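For reference, the structure discussed in these notes is given below.
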Amino acid sequence: MNDMRILERDVDTNDVKIAAKGVQVYYGDNHAIKDVDVEIDDKTVTAFIGPSGCGKSTFLRCINRMNDTIDVCRVVGDIQIDGEDIYDPKVDPVQLRAKVGMVFQKPNPFPKSIYDNVAYGPRIHGLAKNKAELDELVEKSLRRGAIWDEVKDRLDAPGTGLSGGQQQRLCIARAVATEPEVLLMDEPCSALDPIATAQVEELIDELRQSYSVVIVTHSMQQAARVSQKTAFFHLGNLVEYGETGQIFTNPVDPRTESYITGRIG
Amino acid sequence: MTDAAMTPDSAHPSKSLTHADERTKKRNAAERRFHAYGIGAICTGMFFLIALLAAILSSGLPAFRQAVVEVPFTLTQEQYDEAEKALLKTGKYTEYFVTSLTDAMESEGVEIEFDKKAIERLLGKVGGDLRAYYRENEDQLGTPVSFELAAASRVDRYLKGTFKREDLQSGNRFFMPEDFNLIDAMREAGLIKQVFNWNFLTGVDTGVDNPGGAGIGASVLGSFFMMLVVLVLSLPIGVAASIYLEEFAPKNRFTDFIEVNISNLAAVPSIVFGILGLAVFIQFAHLPQSAPLVGGLVLTLMTLPTIIISTRASLKAVPPSIRDAALGVGASKMQAVFHHVLPLAAPGILTGTIIGLAQALGETAPLLLIGMVGFVARYPDTFVEGFIEPNSAVPAQIYNWAARSDAVFTEKAWGGIIVLLLFLITMNTIAVILRRRFERRW
């Protein structure tokens with residue numbers, strides 16, 4: 001049903017934001033990602049699709065080095081953001097994560113007020129000089145997260161008291177508050193109902209104006225709706241990567257075709 | 001699925017739902033049996049608890065009551081001058097007291113003959129008390145003053161019913177058979193009464209000659225200084241160790257080894273820690289014997305595993321999504337732990353700490369080994385001395401009293417148990433309140 005829309009959507013050619021070459025990820029003895037090469041464009045929504053356990057989330061977490069927190073995880077290969085190798089020993093993962101924001105599968109607001117949730121990132125990075133600036137930044141982020149109108153009267157209320165969809169948008173607002181350049185989203189809508197999903201998808205489309213968005217999703221319809229580029233992962237391999245319209249209408253690899261038509265996965 | 005499968009098969013006639021079949025009956029019976037076992041177990045537990053509390057309260061509460069003799073007394077200037085000139089000054093005062101006691105009883109219609117020896121047997125050195133009072137307050141001469149004099153422990157026990165006429169052995173210099181008549185007479189005249197024994201809470205330990213005057217105050221202070229040492233040492237060390245082990249330490253053989261050993265330490269009998277403390281702190285480091293400082297150090301060793309285990313459990317209970325969230329916005333590992341994980345784990349850490357402290361407060365065995373069971377008859381003079389001067393602790397004092405032969409000390413031991421239990425109940429209540437108040441949902 002969305003096929004027509006996909007074909008109509010024009011894809012701008014943008015600069016490459018993230019370039020990965022020969023990335024291998026091991027969890028102990030388990031070879032989770034096998035030799036992935038991918039170039040992700042700036043100001044584009046890139047969707048990672050594939051069956052469970054295919055390594056798409058693992059690869060996403062390589063981009064902001066969240067895998068560092070897992071002891072047994074080992075990353076080999078080269079991932080560059082704006083031409084800088086993020087696995088260079090000189091790179092501080094903390095700085096990297098301020099530049100590459102992340103939204104998780106399950107909404108995970110801090111058990112603090114809505115204001116503090118958004119203000120936390122700017123505070124630790126010293127992005128606001130005073131309270132007024134911080135207030136402004138929080139408002140801007142909440143507006144970007146498309147949740148400002150719903151929470152502007154209760155910024156002191158706990159973030160955990162919001163509904164699931166609101167919590168996820170709050171998490172998106174929190175992620176954009178540190179003014180990242182890349183936004184990683186790991187199945188951001190899997191815990192949400194269709195209406196909240198639609199709101200988040202609309203938001204993702206707006207965020208494309210300023211960020212390079214990478215989204216992992218289990219829903220092929222969602223990938224088709226929100227992304228300009230799609231990468232299909234299978235058993236740790238990047239099987240096919242290309243423009244979303246082309247992947248969904250005219251896949252090159254037979255495995256991609258089987259997956260999007262529902263024969264495997 | 002075919003239609004045939006949907007219709008009831010004739011081989012399996014449908015059963016009435018209102019009639020339970022054999023299997024269901026059996027299952028229901030098993031469930032009822034289990035309920036009965038559960039209720040039985042709870043009732044047994046409650047019975048033991050009530051029996052324990054009843055025993056403690058019935059034996060311990062008398063320790064909080066003290067018999068006093070209250071007599072209106074007037075001393076004139078002439079009597080004062082005469083007494084101060086006399087050879088046996090306090091004896092003179094005792095004579096005055098005997099007179100006014102006799103008068104007081106006669107005015108209530110009770111007549112009895114007694115001498116000042118009897119008064120000294122029942123009320124101790126009354127004359128000395130009176131003289132000291134009037135030398136301090138000469139302006140009170142000539143005006144009636146009401147004196148409250150603590151009765152001797154045998155009087156106390158006679159009134160409480162634990163010492164009877166037939167218990168008195170002949171030849172006892174400290175108590176004569178006719179003294180019972182005097183006590184009865186004073187009681188009839190309403191001059192003797194039982195009041196709350198503040199001295200038990202504020203006093204210090206006494207020798208065997210004055211069991212009635214023994215108090216638990218000094219050992220409460222000893223316990224307090226020990227708990228201070230335990231808290232100041234075990235909380236930061238325990239929490240730092242747990243945070244490091246739980247959040248930062250690499251998972252390898254070495255940390256596994258440490259982990260196993262911490263669990264083992266929690267199960268080590270406390271007397272072993274006592275021997276360790278004796279060998280290391282006293283014999284090797286030459287810290288003062290019997291001091292709350294050493295007691296606190298030993299109890300810190302004991303409490304650390306408890307605190308580490310409970311802290312790690314509460315750190316583990318913080319969902320990893322919170323850590324991910326913090327790391328995801330660019331917090332460093334330490335910021336994630338201190339800004340987000342630790343506040344969420346704090347109620348659990350506090351509860352564990354208070355329970356660890358309560359455990360340490362009730363510990364006796366290690367204190368025996370480092371000599372905190374000595375006779376302590378005075379309070380420390382300064383705050384620092386409180387740590388290094390020999391002192392006892394509440395459980396050690398209870399043990400000490402229970403081991404003495406005088407029945408009054410046994411009563412004091414039970415009273416000490418009530419004091420100890422009150423502290424423990426208070427601490428556990430605080431732990432529960434803290435947990436309720438700061439518990440957060442996510």
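By order in the structure tokens, chains are A, B, ...; within a chain, residues start at 1; ligands start at 1, following the order shown.
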Hey, could you make a per-residue contact list for chain B against chain A with 9 Å as the cut-off, showing the nearest pair of atoms and its distance in Å to one decimal, counting only C-alpha atoms, sorted by chain and number, as a Markdown table?
```
| residue | atom | partner | partner_atom | distance |
| --- | --- | --- | --- | --- |
| B:Pro250 | CA | A:Asp71 | CA | 7.2 |
| B:Lys251 | CA | A:Asp71 | CA | 7.5 |
| B:Ser321 | CA | A:Asn108 | CA | 6.0 |
| B:Ile322 | CA | A:Asn108 | CA | 6.4 |
| B:Asp324 | CA | A:Met66 | CA | 7.9 |
| B:Ala325 | CA | A:Asn108 | CA | 6.4 |
| B:Ala326 | CA | A:Phe110 | CA | 8.2 |
| B:Leu327 | CA | A:Arg97 | CA | 7.4 |
| B:Gly328 | CA | A:Met102 | CA | 5.4 |
| B:Val329 | CA | A:Gly121 | CA | 5.6 |
| B:Gly330 | CA | A:Ala98 | CA | 4.6 |
| B:Ala331 | CA | A:Val94 | CA | 6.2 |
| B:Ser332 | CA | A:Val94 | CA | 5.7 |
| B:Lys333 | CA | A:Val94 | CA | 8.6 |
| B:Gln335 | CA | A:Ile124 | CA | 8.5 |
| B:His340 | CA | A:Phe110 | CA | 7.5 |
| B:Leu344 | CA | A:Pro111 | CA | 8.4 |
| B:Arg440 | CA | A:Pro111 | CA | 7.5 |
| B:Arg441 | CA | A:Pro111 | CA | 7.6 |
| B:Trp442 | CA | A:Pro111 | CA | 6.3 |
```
**Message:** When DSSP is applied to the backbone of this structure, which of segment 57-232 of chain A are assigned alpha helix (DSSP H)? Write them out as JSON, numbers by chain.
**Reply:** {"A": [57, 58, 59, 60, 61, 62, 63, 93, 94, 95, 96, 97, 98, 99, 114, 115, 116, 117, 118, 119, 120, 121, 122, 123, 124, 125, 131, 132, 133, 134, 135, 136, 137, 138, 139, 140, 141, 142, 143, 144, 148, 149, 150, 151, 164, 165, 166, 167, 168, 169, 170, 171, 172, 173, 174, 175, 176, 177, 194, 195, 196, 197, 198, 199, 200, 201, 202, 203, 204, 205, 206, 207, 220, 221, 222, 223, 224, 225, 226]}
**Selection: 12 Å around Phe383 of chain B, only C-alpha atoms, excl. self and same-chain fewer than 2 positions, as a list in words** =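 The filter keeps Leu221, Gly222, Phe224, Phe225, Leu228, Pro292, Leu293, Tyr379, Pro380, Asp381, Glu385, Gly386, Phe387, Ile388 and Glu389 of chain B.
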**Prompt:** For Ser405 of chain B, which residue among B:Val208, B:Leu57, B:Ile42, B:Lys15 is the nearest when counting only C-alpha atoms?
**Reply:**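 Nearest candidate to Ser405 of chain B out of B:Val208, B:Leu57, B:Ile42, B:Lys15: B:Val208.
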**Request:** Write out as a list in words all residues of segment 170-358 of chain B that backbone DSSP assigns to strand (DSSP E).
**Result:** Ile192, Lys193, Gln194, Val195 and Phe196 of chain B
**Message:** as a count of residues only, please: the residues near segment 143-151 of chain A (cut-off 10 Å, only C-alpha atoms, same-chain neighbours under 5 positions excluded).
**Reply:** 28
Quick one: everything within 10 Å of Glu70 of chain B, counting only C-alpha atoms, minus sequence neighbours fewer than 4 positions away in the same chain. Send it as an mmCIF file with C-alpha atoms, in the first residue's frame.
```cif
data_model
loop_
_atom_site.group_PDB
_atom_site.id
_atom_site.type_symbol
_atom_site.label_atom_id
_atom_site.label_comp_id
_atom_site.auth_asym_id
_atom_site.auth_seq_id
_atom_site.Cartn_x
_atom_site.Cartn_y
_atom_site.Cartn_z
ATOM 1 C CA LEU B 101 9.102 8.212 109.720
ATOM 2 C CA SER B 146 9.535 15.442 100.864
ATOM 3 C CA PHE B 147 12.353 12.930 100.412
ATOM 4 C CA GLU B 148 12.252 10.083 97.895
ATOM 5 C CA LEU B 149 14.729 7.438 99.019
ATOM 6 C CA ALA B 150 15.562 4.401 96.913
ATOM 7 C CA MET B 186 5.326 1.432 105.477
ATOM 8 C CA GLY B 190 1.315 4.497 101.879
ATOM 9 C CA LEU B 191 4.891 5.698 102.309
ATOM 10 C CA ILE B 192 6.476 3.181 99.984
ATOM 11 C CA LYS B 193 5.709 3.174 96.298
#
```
**Request:** To one decimal in Å, tell me the separation between atom CA of Arg208 of chain A and atom CA of Val45 of chain A.
**Result:**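 So the two atoms, atom CA of Arg208 of chain A and atom CA of Val45 of chain A, lie 6.2 Å apart.
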**Message:** What's around Thr206 of chain B at 12 Å? Count only C-alpha atoms, leave out sequence neighbours fewer than 4 positions away in its own chain, and write the answer as a ChimeraX atom specification.
**Reply:** /B:199-200,210-218,374-378,397,400-401,404,408-409,412
If we count only C-alpha atoms and set the cut-off at 7 Å, which residues sit around segment 115-125 of chain B, ignoring sequence neighbours fewer than 3 positions away in its own chain? Please answer as a PDB file with C-alpha atoms, in the first residue's frame.
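Saved result, selection_17.pdb, follows:
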```
ATOM      1  CA  THR B  94      19.281   8.967 110.683  1.00  0.00           C
ATOM      2  CA  GLU B  95      17.774   9.344 114.149  1.00  0.00           C
ATOM      3  CA  VAL B  98      13.502   7.502 112.204  1.00  0.00           C
ATOM      4  CA  GLY B 128      24.467  10.686 104.687  1.00  0.00           C
ATOM      5  CA  ASP B 129      21.928  11.593 101.982  1.00  0.00           C
ATOM      6  CA  LEU B 149      14.729   7.438  99.019  1.00  0.00           C
ATOM      7  CA  ALA B 150      15.562   4.401  96.913  1.00  0.00           C
ATOM      8  CA  ALA B 151      14.899   1.181  98.786  1.00  0.00           C
ATOM      9  CA  ALA B 152      17.422  -1.654  98.998  1.00  0.00           C
ATOM     10  CA  VAL B 155      12.850  -4.465  99.599  1.00  0.00           C
ATOM     11  CA  PHE B 174      21.725  -7.540 105.717  1.00  0.00           C
ATOM     12  CA  PHE B 175      18.115  -8.444 106.329  1.00  0.00           C
ATOM     13  CA  ASP B 179      12.271  -5.911 108.465  1.00  0.00           C
TER      14      ASP B 179
END
```
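Take the candidates A:Ala196, A:Ala119, A:Ile18, A:Ile33 and check each one against Leu235 of chain A using only C-alpha atoms; the shortest distance goes to A:Ile33.
Atom pair atom CA of Phe196 of chain B / atom CA of Arg173 of chain B has a distance of 28.8 Å (rounded to one decimal).
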**Asked** What is the atom CA of Thr353 of chain B-atom CA of Ile307 of chain B distance in Å, reported with one decimal?
**Response** 5.5 Å
